[in-house]
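Participant: Quick one: this structure, given as structure tokens, is what I'll be asking you about.
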Amino acid sequence: MKKIRRNLPFDHYKIVHSFSTEDLCICDNCGKVLKNVAVIENTKGTKYHVGVDCAETLSGITEYEIMETENDFNEAKRIRSKIRNAMKKGNYFLHIGNTYYDNNIYCQVTTVKDATCCGDFMVDEKIRSIDFLKRFLPELYAIAMVNFDFIEVPDEAHILAENNLTYKGYEFKYEYPVSKYGDRTCRVSIYENGVCLKTAGNCGRDFDAVNAEAVRLYNKIEFNKGLKKLELWNQFTKKD
């Protein structure tokens, strides 16, 4: 048992909550400054903020509670470490939020701002839940951008015809360039008001491939237009 100066009275306690913070938080038991905080409750319902080391010394708190709390803190530490190590390697981009095809929250470090293929990702970490992000990775929660209202156009949709290259206010242009190795591919650009917003390609060689790339471009552009801060989205929807 660790010897820790005890300010809290003898009682039976339980861990009711835990979180990480960038702000100043003092342990109610030993007075140390905390970043990882366990919120405990005594038999009278009074709550205190303590560190895990102190929580281990208090009567009533089980090994299972300590293990669960430490697991949460360690998972957050692992994610922070992955981000930090990736960002050290170059001038990369950090994205926190969902995608147009998935409402889960991801932490992504990418080599390009608008990543489209596996090679663009240095980190692609699925976050357990919004609640986990808010409680244990508050610095990432504060910058997370989401769009949970977007309705994805299915990949197999045919939004273009060879005689009509417009869709919902966007114009598309395509070509089938040939690589230096002689491979014919598909390349599509999306325009709005005459301005090219993005160009992307795939290995297809027919108009189905054009449609597939056009759908992806449309989904990405429209999804990005509706992005808002996660903390603002939660404030108005109360869905966390």
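Residue numbers start at 1 in each chain; chains themselves are named A, B, ... in the order of the structure tokens; ligands are numbered from 1 in the order shown.
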List every residue of stretch 75-121 of chain A that has an atom at most 12 Å from any atom of stretch 208-226 of chain A, and for each one report the closest atom pair and its distance in Å to one decimal, counting only C-alpha atoms, with rows sorted by chain and then by increasing residue number, as JSON lines.

Facilitator:
{"residue": "A:Gly97", "atom": "CA", "partner": "A:Asn224", "partner_atom": "CA", "distance": 11.1}
{"residue": "A:Asn98", "atom": "CA", "partner": "A:Phe223", "partner_atom": "CA", "distance": 10.0}
{"residue": "A:Thr99", "atom": "CA", "partner": "A:Phe223", "partner_atom": "CA", "distance": 7.9}
{"residue": "A:Tyr100", "atom": "CA", "partner": "A:Phe223", "partner_atom": "CA", "distance": 5.8}
{"residue": "A:Tyr101", "atom": "CA", "partner": "A:Asn219", "partner_atom": "CA", "distance": 8.5}
{"residue": "A:Asp102", "atom": "CA", "partner": "A:Phe223", "partner_atom": "CA", "distance": 11.2}
{"residue": "A:Asn103", "atom": "CA", "partner": "A:Phe223", "partner_atom": "CA", "distance": 11.7}
{"residue": "A:Asp114", "atom": "CA", "partner": "A:Lys220", "partner_atom": "CA", "distance": 9.2}
{"residue": "A:Ala115", "atom": "CA", "partner": "A:Lys220", "partner_atom": "CA", "distance": 10.6}
{"residue": "A:Thr116", "atom": "CA", "partner": "A:Arg216", "partner_atom": "CA", "distance": 9.7}

Participant: Leaving out A:Lys89 and any residue of its chain fewer than 6 positions from it, which residues lie within 12 Å of it when counting only C-alpha atoms, given as a list of chain:residue names?

Facilitator: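 Once the nearby chain positions are removed, what remains is A:Lys82, A:Ile83, A:Val109, A:Thr110, A:Thr111, A:Met122, A:Val123.
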
Participant: Those residues you just picked out, can you put them in a file as a short mmCIF file (atom, residue, chain, number, x, y, z; two decimals), in the first residue's frame with N, CA and C atoms?

Facilitator:
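result_37.cif, freshly written:
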data_model
loop_
_atom_site.label_atom_id
_atom_site.label_comp_id
_atom_site.auth_asym_id
_atom_site.auth_seq_id
_atom_site.Cartn_x
_atom_site.Cartn_y
_atom_site.Cartn_z
N LYS A 82 0.49 8.40 -30.14
CA LYS A 82 0.49 8.14 -31.57
C LYS A 82 0.43 9.45 -32.36
N ILE A 83 -0.39 10.37 -31.90
CA ILE A 83 -0.49 11.67 -32.57
C ILE A 83 0.84 12.42 -32.50
N VAL A 109 -4.10 11.50 -38.50
CA VAL A 109 -2.97 12.34 -38.90
C VAL A 109 -2.66 11.97 -40.34
N THR A 110 -2.72 12.95 -41.25
CA THR A 110 -2.57 12.67 -42.67
C THR A 110 -1.44 13.50 -43.27
N THR A 111 -0.89 12.96 -44.33
CA THR A 111 0.22 13.64 -45.01
C THR A 111 -0.28 14.73 -45.95
N MET A 122 -1.07 8.66 -41.52
CA MET A 122 -0.06 8.26 -40.55
C MET A 122 -0.71 7.65 -39.31
N VAL A 123 -1.88 8.19 -38.94
CA VAL A 123 -2.67 7.67 -37.82
C VAL A 123 -4.13 7.64 -38.27
#

Participant: Tell me which of A:Lys113, A:Lys134, A:Lys88, A:Lys44 sits closest to A:Ser18, counting only C-alpha atoms.

Facilitator: A:Lys134

Participant: Write out as JSON, numbers by chain each polymer residue whose atoms come within 7 Å of A:Arg187, counting only C-alpha atoms; drop sequence neighbours fewer than 5 positions from it.

Facilitator: {"A": [174, 175, 176, 200, 201, 202]}

Participant: What would the file look like if the residues just selected were written as a short mmCIF file (atom, residue, chain, number, x, y, z; two decimals), in the first residue's frame with N, CA and C atoms?

Facilitator:
data_model
loop_
_atom_site.label_atom_id
_atom_site.label_comp_id
_atom_site.auth_asym_id
_atom_site.auth_seq_id
_atom_site.Cartn_x
_atom_site.Cartn_y
_atom_site.Cartn_z
N TYR A 174 -14.22 14.96 -66.92
CA TYR A 174 -13.46 13.72 -66.75
C TYR A 174 -12.57 13.48 -67.96
N GLU A 175 -11.59 12.62 -67.74
CA GLU A 175 -10.69 12.19 -68.81
C GLU A 175 -10.15 10.81 -68.46
N TYR A 176 -9.57 10.16 -69.45
CA TYR A 176 -8.96 8.85 -69.23
C TYR A 176 -7.48 8.95 -69.60
N ALA A 200 -9.80 13.93 -58.54
CA ALA A 200 -9.40 12.63 -58.01
C ALA A 200 -9.57 11.58 -59.11
N GLY A 201 -8.99 10.42 -58.89
CA GLY A 201 -9.06 9.39 -59.91
C GLY A 201 -9.13 8.00 -59.35
N ASN A 202 -9.36 7.05 -60.23
CA ASN A 202 -9.36 5.64 -59.85
C ASN A 202 -8.85 4.81 -61.03
#

Participant: Quick one: distance from atom CA of A:Lys47 to atom CA of A:Ile130 in Å, one decimal?

Facilitator: 24.0 Å
